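Shown next: coords.txt, containing compact mmCIF, C-alpha atoms.
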```txt
# COMPACT_ATOMS: atom_id res chain seq x y z
CA MET A 20 -27.69 41.60 -21.67
CA ARG A 21 -29.41 43.06 -18.66
CA GLY A 22 -27.58 45.24 -16.16
CA ALA A 23 -27.44 42.67 -13.38
CA ASP A 24 -26.11 39.98 -15.73
CA LEU A 25 -23.46 42.35 -17.08
CA ILE A 26 -22.29 43.24 -13.55
CA LEU A 27 -22.15 39.56 -12.62
CA ALA A 28 -20.12 38.71 -15.76
CA GLN A 29 -17.72 41.58 -15.08
CA ALA A 30 -17.27 40.40 -11.50
CA GLU A 31 -16.46 36.88 -12.73
CA VAL A 32 -13.90 38.26 -15.22
CA ALA A 33 -12.31 40.39 -12.51
CA GLY A 34 -12.13 37.36 -10.19
CA ALA A 35 -10.50 35.24 -12.93
CA ARG A 36 -7.96 37.99 -13.65
CA ALA A 37 -7.18 38.27 -9.95
CA LEU A 38 -6.34 34.56 -9.85
CA THR A 39 -3.92 34.57 -12.80
CA ASN A 40 -0.98 36.10 -10.93
CA PRO A 41 -1.11 33.67 -7.96
CA GLY A 42 -1.42 30.86 -10.51
CA ARG A 43 1.68 32.07 -12.35
CA THR A 44 3.57 32.33 -9.05
CA ALA A 45 2.62 28.73 -8.19
CA LEU A 46 3.69 27.60 -11.68
CA VAL A 47 7.11 29.24 -11.36
CA ALA A 48 7.60 27.70 -7.89
CA ALA A 49 6.64 24.26 -9.23
CA GLN A 50 9.02 24.62 -12.17
CA GLN A 51 11.87 25.61 -9.85
CA ASP A 52 11.17 22.63 -7.59
CA PHE A 53 11.09 20.37 -10.64
CA ARG A 54 14.44 21.69 -11.89
CA ARG A 55 15.97 21.40 -8.43
CA LEU A 56 14.85 17.78 -8.10
CA LEU A 57 16.30 16.97 -11.52
CA GLY A 58 19.54 18.71 -10.65
CA ALA A 59 19.23 21.05 -13.63
CA VAL A 60 18.78 24.44 -11.96
CA ASP A 61 20.12 26.72 -14.72
CA GLU A 62 19.29 24.58 -17.74
CA SER A 63 16.22 25.07 -19.90
CA PHE A 64 14.32 22.18 -21.42
CA VAL A 65 11.09 21.42 -23.21
CA LEU A 66 8.79 18.68 -22.03
CA ARG A 67 7.40 16.36 -24.70
CA GLY A 68 4.94 13.53 -24.49
CA SER A 69 2.78 12.61 -21.57
CA LEU A 70 3.18 10.72 -18.35
CA GLU A 71 0.15 8.55 -18.96
CA THR A 72 0.76 4.82 -19.17
CA PRO A 73 -1.60 2.36 -20.79
CA ALA A 74 -3.78 0.30 -18.50
CA PRO A 75 -2.23 -3.10 -17.80
CA ASP A 76 -3.91 -6.29 -18.95
CA LEU A 77 -5.21 -7.90 -15.77
CA ASP A 78 -7.02 -11.15 -15.18
CA VAL A 79 -10.56 -10.31 -14.11
CA THR A 80 -11.03 -13.46 -12.04
CA ALA A 81 -7.82 -12.78 -10.12
CA LEU A 82 -8.98 -9.23 -9.44
CA VAL A 83 -12.36 -10.45 -8.22
CA GLU A 84 -10.74 -13.00 -5.90
CA SER A 85 -8.36 -10.35 -4.59
CA ALA A 86 -11.27 -7.99 -3.95
CA ARG A 87 -13.16 -10.72 -2.11
CA SER A 88 -10.20 -11.48 0.10
CA LEU A 89 -9.80 -7.80 1.00
CA ARG A 90 -13.44 -7.09 1.95
CA PRO A 91 -13.43 -5.83 5.55
CA ASP A 92 -17.07 -6.78 6.14
CA LEU A 93 -16.28 -10.44 5.46
CA HIS A 94 -13.27 -10.30 7.76
CA ALA A 95 -15.45 -8.75 10.46
CA ARG A 96 -18.07 -11.47 10.09
CA ASP A 97 -15.44 -14.21 10.17
CA SER A 98 -14.04 -12.64 13.32
CA ALA A 99 -17.55 -12.62 14.82
CA VAL A 100 -17.89 -16.35 14.09
CA ASN A 101 -14.48 -17.06 15.62
CA GLU A 102 -15.43 -15.02 18.68
CA ALA A 103 -18.73 -16.89 19.07
CA GLU A 104 -16.93 -20.23 18.80
CA ALA A 105 -14.43 -19.14 21.44
CA ARG A 106 -17.26 -18.04 23.75
CA VAL A 107 -18.91 -21.46 23.41
CA ARG A 108 -15.63 -23.21 24.25
CA LEU A 109 -15.05 -20.90 27.22
CA GLU A 110 -18.55 -21.44 28.60
CA VAL A 111 -18.23 -25.23 28.25
CA ALA A 112 -14.87 -25.15 30.01
CA ASN A 113 -16.20 -22.81 32.71
CA ARG A 114 -19.09 -25.06 33.75
CA TYR A 115 -16.89 -26.91 36.25
CA GLY A 116 -15.57 -23.71 37.79
CA ASN A 117 -12.06 -22.95 38.88
CA PRO A 118 -10.58 -24.85 41.80
CA SER A 119 -8.84 -22.78 44.41
CA VAL A 120 -5.81 -24.18 46.22
CA GLY A 121 -3.67 -22.37 48.74
CA PRO A 122 -2.09 -22.32 52.15
CA GLY A 123 -4.29 -21.97 55.20
CA TYR A 124 -3.48 -20.53 58.61
CA GLU A 125 -5.75 -20.10 61.59
CA PHE A 126 -5.18 -18.86 65.13
CA ASN A 127 -8.15 -19.69 67.35
CA GLU A 128 -9.30 -18.46 70.77
CA SER A 129 -7.39 -21.12 72.71
CA ARG A 130 -4.13 -19.88 71.19
CA ILE A 131 -3.65 -22.83 68.90
CA HIS A 132 -1.97 -22.34 65.54
CA LEU A 133 -3.48 -24.36 62.70
CA ILE A 134 -1.49 -24.59 59.46
CA GLY A 135 -2.60 -26.47 56.38
CA LEU A 136 -3.92 -26.24 52.83
CA TRP A 137 -7.25 -25.13 51.46
CA LEU A 138 -8.83 -26.81 48.46
CA VAL A 139 -12.08 -25.32 47.26
CA THR A 140 -13.64 -26.70 44.11
CA PRO A 141 -17.20 -26.24 42.92
CA LEU A 142 -19.13 -29.41 42.10
CA PRO A 143 -21.47 -28.90 39.16
CA VAL A 144 -24.27 -31.06 40.50
CA LEU A 145 -27.13 -28.60 40.57
CA ASN A 146 -25.81 -25.93 38.22
CA THR A 147 -23.99 -27.18 35.13
CA HIS A 148 -24.44 -23.85 33.28
CA LYS A 149 -26.66 -25.42 30.63
CA GLY A 150 -28.50 -22.13 30.09
CA GLU A 151 -25.33 -20.15 29.48
CA ILE A 152 -23.96 -22.85 27.15
CA LEU A 153 -27.19 -22.90 25.15
CA GLN A 154 -27.13 -19.12 24.94
CA ARG A 155 -23.56 -19.13 23.56
CA LYS A 156 -24.51 -21.84 21.05
CA ALA A 157 -27.46 -19.71 19.93
CA GLU A 158 -25.11 -16.75 19.45
CA LEU A 159 -22.86 -18.98 17.35
CA ALA A 160 -25.81 -20.19 15.26
CA ARG A 161 -26.83 -16.57 14.71
CA ALA A 162 -23.31 -15.56 13.63
CA VAL A 163 -22.66 -18.42 11.18
CA PRO A 164 -25.51 -17.79 8.69
CA THR A 165 -24.71 -14.06 8.46
CA ALA A 166 -21.10 -14.92 7.60
CA SER A 167 -21.99 -17.34 4.81
CA ARG A 168 -24.98 -15.36 3.48
CA THR A 169 -22.95 -12.35 2.31
CA ARG A 170 -20.55 -14.15 -0.05
CA TRP A 171 -20.65 -12.99 -3.68
```

Show me, as C-alpha cells, the structure contained in the file I just sent.
Amino acid sequence: MRGADLILAQAEVAGARALTNPGRTALVAAQQDFRRLLGAVDESFVLRGSLETPAPDLDVTALVESARSLRPDLHARDSAVNEAEARVRLEVANRYGNPSVGPGYEFNESRIHLIGLWLVTPLPVLNTHKGEILQRKAELARAVPTASRTRW
C-alpha cells in the first residue's frame, strides 16, 4: 500500500472509532426510552424474532382503481373542465347585463324636489357578447380533450 492510501485508511479507521461512542450513547438512550414506554424500567429482557410482517394479498385491479382515483393531475384537469363550463355559463348569463334598480332623488335649480325610482337595464341589441361566449366555449373545448386524453 502506498503512503497516501495508508494515511487515508488510517483516517477512515480513526473516524469510525470516533463514531462508536456516540452510537453507543444513542443506543443506551433508545433502550431506556423503550423500557420506559413498556413500563419495565428495571427489568432485563431479550428480544427475539423480527417486527417484519408478510405483505398482504391485495387485489391488483382494486389497487389500480384506487391509484387512478387518487391521481392529483386528473383531479386538476377535471377541475379545469368544471371551471371552463362554469365560465361558459357565466358568460351566457352575463350577456343581458345586470339591471340596476334604486331610489332616485333630485333637487333642481328651481328648488323642486323630485323623488322616484331609477331602473337601468342594458338591452343586448347591438352587443350580445357573442365573441366572449365563443371564446369561453373554445376554452372549454380545449380543456375537455386534455382531461380525457390522460386516462390510463

Can you pull out every residue within 10 Å of Val60 of chain A, counting all atoms listed in the file, but drop anything in the same chain fewer than 6 positions away, and send it as a PyMOL selection string?
chain A and resi 50-54

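If all atoms listed in the file are the atoms counted, then among A:Gly135, A:Pro73, A:Pro164, A:Pro141 the closest residue to Pro118 of chain A is A:Pro141.
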
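If you look at atom CA of Tyr115 of chain A and atom CA of Gln154 of chain A, they are 17.1 Å away from each other.
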
Choose the residue, out of A:Asp24, A:Asp97, A:Glu110, A:Glu71, that has the smallest atom-to-atom separation from His148 of chain A; count all atoms listed in the file.
A:Glu110

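Residue nearest Val107 of chain A, chosen from A:Pro122, A:Gly22, A:Gly150, A:Gly42 and counting all atoms listed in the file: A:Gly150.
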
Spatial neighbours of Tyr124 of chain A, 9 Å, all atoms listed in the file, chain gap at least 3 places, as a list in words:
His132, Leu133, Ile134, Gly135 and Leu136 of chain A

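Atom to atom, atom CA of Arg114 of chain A and atom CA of Lys149 of chain A stand 8.2 Å apart.
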
Axis-aligned box for all listed atoms of segment 84-103 of chain A, 5 Å per side, centre and edges in Å to one decimal, as lines of an AutoDock Vina configuration file:
```
center_x = -13.5
center_y = -11.4
center_z = 6.6
size_x = 20.4
size_y = 21.2
size_z = 35.0
```

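With distances taken over all atoms listed in the file, A:Ser98 is the one residue among A:Thr44, A:Ser85, A:Ser98, A:Ser129 lying closest to Ala162 of chain A.
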
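Between atom CA of Asp92 of chain A and atom CA of Arg108 of chain A there is a distance of 24.5 Å.
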
Give as a PyMOL selection string each residue that has an atom at most 6 Å from (-5.4, -27.6, 43.8) in the file, counting only C-alpha atoms.
chain A and resi 119-120+138

Using only C-alpha atoms, which residues sit within 12 Å of Val163 of chain A once same-chain residues fewer than 5 positions away are excluded, as a list of chain:residue names?
A:Leu93, A:Arg96, A:Asp97, A:Ser98, A:Ala99, A:Val100, A:Asn101, A:Glu102, A:Ala103, A:Glu104, A:Lys156, A:Ala157, A:Glu158, A:Arg168, A:Thr169

Restricted to C-alpha atoms, what would the selected residues look like written as a compact mmCIF listing (two decimals), keeping the file's coordinate frame?
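Result saved to out.txt:
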```txt
# COMPACT_ATOMS: atom_id res chain seq x y z
CA LEU A 93 -16.28 -10.44 5.46
CA ARG A 96 -18.07 -11.47 10.09
CA ASP A 97 -15.44 -14.21 10.17
CA SER A 98 -14.04 -12.64 13.32
CA ALA A 99 -17.55 -12.62 14.82
CA VAL A 100 -17.89 -16.35 14.09
CA ASN A 101 -14.48 -17.06 15.62
CA GLU A 102 -15.43 -15.02 18.68
CA ALA A 103 -18.73 -16.89 19.07
CA GLU A 104 -16.93 -20.23 18.80
CA LYS A 156 -24.51 -21.84 21.05
CA ALA A 157 -27.46 -19.71 19.93
CA GLU A 158 -25.11 -16.75 19.45
CA ARG A 168 -24.98 -15.36 3.48
CA THR A 169 -22.95 -12.35 2.31
```
